[in-house]
Amino acid sequence: MKLKQLESLLGSLQQFSTPKIELEQYPTGPHIASRMLYTAENSFEDVNSKVVADFGCGCGTLGLAAGLLGAESIIGLDIDAESLEIAYENADELELDMDFIQCDINSLNWRGQIVETVVMNPPFGTRRKGADMDFLSLAMKVASQAVYSLHKTTTREHVKRAALRDYNARSAEVICELRYDVPQLYIFHKKKEVDIAVDLWRFVPQRTQERSL
């Protein structure tokens, strides 16, 4: 599938009608989502025929992009039931099979590297400090091949240091810099749209057997 076709299909998906600020719900736009998954597949072969989990999946954009690029199976996890309902409708619209789990990521009891790739646009931690790193910590425990995640560019050094020192990353690489368009969703937003500089990271976890050596 070509990049433009992927972006077009993602652009047709439903997004939050009443986003919840306490969950930092912001839609992952088709421009960023398509490039994130297209790069994961075409540069690193981390999507096609792989088991992919979308952490904090919201309306399902990243996970469904993985499905469109040939993922063997897709699992979307989110704490918000309303978001999962929209994600289910989006999957139905695209005629893709996607499994959904309603849970708090911090309470997920998965053990071991049970998926190959994790994709996520985690909360940036503006409402609850460290929320983004909680997502990354867990993703690194359950992915065997790669974790793709978006983080504010201003946190770059902190993210890299934590991934390599604390989260057992074999490598942590910013594969591109992007502009995240934040629309005027909430009452406290004064501007119609704000651009935030974000990094698209690719983290490679240590293999389970390597950790035990």
# chains A, B, ... in the order shown; residues from 1 in each chain; ligands from 1

call {"tool": "residues_around", "arguments": {"residues": "Ala197 in chain A", "least_positions_apart": "6", "cutoff": "10 Å", "atoms": "only C-alpha atoms", "output": "mmCIF file with N, CA and C atoms, in the first residue's frame"}}
result
data_model
loop_
_atom_site.group_PDB
_atom_site.id
_atom_site.type_symbol
_atom_site.label_atom_id
_atom_site.label_comp_id
_atom_site.auth_asym_id
_atom_site.auth_seq_id
_atom_site.Cartn_x
_atom_site.Cartn_y
_atom_site.Cartn_z
ATOM 1 N N HIS A 151 7.010 11.233 21.395
ATOM 2 C CA HIS A 151 7.295 11.983 22.617
ATOM 3 C C HIS A 151 7.690 13.406 22.237
ATOM 4 N N LYS A 152 7.398 14.344 23.124
ATOM 5 C CA LYS A 152 7.791 15.726 22.877
ATOM 6 C C LYS A 152 9.305 15.818 22.656
ATOM 7 N N THR A 153 9.679 16.607 21.655
ATOM 8 C CA THR A 153 11.097 16.779 21.358
ATOM 9 C C THR A 153 11.853 17.340 22.558
ATOM 10 N N THR A 154 11.186 18.140 23.367
ATOM 11 C CA THR A 154 11.841 18.732 24.536
ATOM 12 C C THR A 154 12.252 17.694 25.579
ATOM 13 N N GLU A 177 11.587 13.676 13.054
ATOM 14 C CA GLU A 177 10.962 14.733 13.830
ATOM 15 C C GLU A 177 9.699 15.170 13.102
ATOM 16 N N LEU A 178 8.639 15.355 13.859
ATOM 17 C CA LEU A 178 7.342 15.670 13.270
ATOM 18 C C LEU A 178 6.727 16.868 13.974
ATOM 19 N N ARG A 179 5.729 17.462 13.320
ATOM 20 C CA ARG A 179 4.952 18.533 13.931
ATOM 21 C C ARG A 179 3.568 17.979 14.244
ATOM 22 N N TYR A 180 3.230 17.969 15.525
ATOM 23 C CA TYR A 180 1.940 17.423 15.972
ATOM 24 C C TYR A 180 0.947 18.576 16.048
ATOM 25 N N ASP A 181 -0.053 18.544 15.186
ATOM 26 C CA ASP A 181 -1.068 19.597 15.164
ATOM 27 C C ASP A 181 -2.118 19.307 16.228
#

call {"tool": "closest_residue", "arguments": {"among": "A:Asp132, A:Glu7, A:Asp92, A:Asp46", "to": "Ile32 in chain A", "atoms": "only C-alpha atoms"}}
result
A:Glu7

call {"tool": "residues_around", "arguments": {"residues": "Ala143 in chain A", "least_positions_apart": "4", "cutoff": "7 Å", "atoms": "only C-alpha atoms", "output": "list of chain:residue names"}}
result
A:Gln113, A:Ile114, A:Val115, A:Glu116, A:Thr117, A:Val118, A:Ala139, A:Val147, A:Pro205

call {"tool": "write_last_selection", "arguments": {"atoms": "C-alpha atoms", "output": "compact mmCIF listing (two decimals), in the first residue's frame"}}
result
# COMPACT_ATOMS: atom_id res chain seq x y z
CA GLN A 113 7.38 -10.53 25.32
CA ILE A 114 4.00 -11.60 23.99
CA VAL A 115 3.69 -9.18 21.07
CA GLU A 116 6.27 -8.34 18.46
CA THR A 117 5.65 -4.62 17.96
CA VAL A 118 4.03 -1.93 20.09
CA ALA A 139 5.80 -1.44 26.17
CA VAL A 147 8.40 -0.13 20.13
CA PRO A 205 14.10 -4.21 23.44

call {"tool": "select_by_dssp", "arguments": {"residues": "range 14-206 of chain A", "states": "strand (DSSP E or B)", "output": "ChimeraX atom specification"}}
result
/A:51-55,73-78,99-102,115-120,143-152,169-183,193-205

call {"tool": "residues_around", "arguments": {"residues": "Gly60 in chain A", "least_positions_apart": "6", "cutoff": "9 Å", "atoms": "only C-alpha atoms", "output": "CSV table (one decimal) with N, CA, C and O atoms, in the first residue's frame"}}
result
chain,number,residue,atom,x,y,z
A,13,LEU,N,-11.4,8.0,9.2
A,13,LEU,CA,-11.8,7.4,10.5
A,13,LEU,C,-12.5,8.4,11.4
A,13,LEU,O,-12.2,9.6,11.4
A,15,GLN,N,-13.2,10.2,15.0
A,15,GLN,CA,-12.3,10.6,16.1
A,15,GLN,C,-13.2,10.9,17.3
A,15,GLN,O,-14.4,10.9,17.2
A,54,ASP,N,-1.5,-1.7,20.1
A,54,ASP,CA,-1.6,-0.3,20.1
A,54,ASP,C,-2.0,0.1,21.5
A,54,ASP,O,-3.1,-0.1,22.0
A,76,GLY,N,-5.8,-3.5,20.5
A,76,GLY,CA,-5.9,-2.2,20.9
A,76,GLY,C,-6.3,-2.1,22.4
A,76,GLY,O,-7.2,-2.8,22.8
A,83,SER,N,-14.0,5.5,23.7
A,83,SER,CA,-13.0,5.4,22.6
A,83,SER,C,-12.9,4.1,22.0
A,83,SER,O,-12.8,4.0,20.7
A,84,LEU,N,-13.0,3.0,22.8
A,84,LEU,CA,-13.0,1.7,22.2
A,84,LEU,C,-14.2,1.4,21.3
A,84,LEU,O,-14.1,0.7,20.3
A,86,ILE,N,-15.7,3.6,19.4
A,86,ILE,CA,-15.3,4.3,18.2
A,86,ILE,C,-14.3,3.5,17.4
A,86,ILE,O,-14.4,3.3,16.2
A,87,ALA,N,-13.3,3.0,18.1
A,87,ALA,CA,-12.3,2.2,17.4
A,87,ALA,C,-12.9,0.9,16.8
A,87,ALA,O,-12.5,0.5,15.7
A,88,TYR,N,-13.8,0.3,17.5
A,88,TYR,CA,-14.5,-0.9,17.0
A,88,TYR,C,-15.3,-0.5,15.7
A,88,TYR,O,-15.2,-1.3,14.7
A,90,ASN,N,-14.6,1.9,13.7
A,90,ASN,CA,-13.6,2.2,12.6
A,90,ASN,C,-13.0,0.9,12.0
A,90,ASN,O,-12.8,0.8,10.8
A,91,ALA,N,-12.8,-0.1,12.9
A,91,ALA,CA,-12.3,-1.4,12.4
A,91,ALA,C,-13.3,-2.0,11.5
A,91,ALA,O,-13.0,-2.6,10.4
A,98,MET,N,-9.7,-6.5,14.7
A,98,MET,CA,-8.9,-5.9,15.7
A,98,MET,C,-9.5,-6.2,17.1
A,98,MET,O,-10.7,-6.0,17.3

call {"tool": "closest_residue", "arguments": {"among": "A:Ile75, A:Leu69, A:Val198, A:Ala53", "to": "Ile175 in chain A", "atoms": "only C-alpha atoms"}}
result
A:Val198

call {"tool": "closest_residue", "arguments": {"among": "A:Lys50, A:Asp80, A:Ser34, A:Val204", "to": "Gln145 in chain A", "atoms": "only C-alpha atoms"}}
result
A:Val204

call {"tool": "closest_residue", "arguments": {"among": "A:Val47, A:Ile101, A:Leu68, A:Met140", "to": "Lys2 in chain A", "atoms": "only C-alpha atoms"}}
result
A:Leu68

call {"tool": "closest_residue", "arguments": {"among": "A:Arg202, A:Arg165, A:Arg170, A:Arg207", "to": "Ser43 in chain A", "atoms": "only C-alpha atoms"}}
result
A:Arg202

call {"tool": "residues_around", "arguments": {"residues": "Lys160 in chain A", "least_positions_apart": "5", "cutoff": "9 Å", "atoms": "only C-alpha atoms", "output": "JSON, numbers by chain"}}
result
{"A": [155, 165, 171, 172, 173]}

call {"tool": "residues_around", "arguments": {"residues": "range 27-31 of chain A", "least_positions_apart": "3", "cutoff": "8 Å", "atoms": "only C-alpha atoms", "output": "list in words"}}
result
Glu7, Ser8, Leu10, Gly11, Gln15, Phe16, Ser34, Arg35, Gly58, Cys59, Thr61, Leu62, Asn121 and Asp181 of chain A

call {"tool": "closest_residue", "arguments": {"among": "A:Ser12, A:Ser107, A:Ser137, A:Gln5", "to": "Asn168 in chain A", "atoms": "only C-alpha atoms"}}
result
A:Ser137

call {"tool": "residues_around", "arguments": {"residues": "Gly70 in chain A", "least_positions_apart": "2", "cutoff": "7 Å", "atoms": "only C-alpha atoms", "output": "number ranges by chain"}}
result
A: 47-49, 66-68, 72
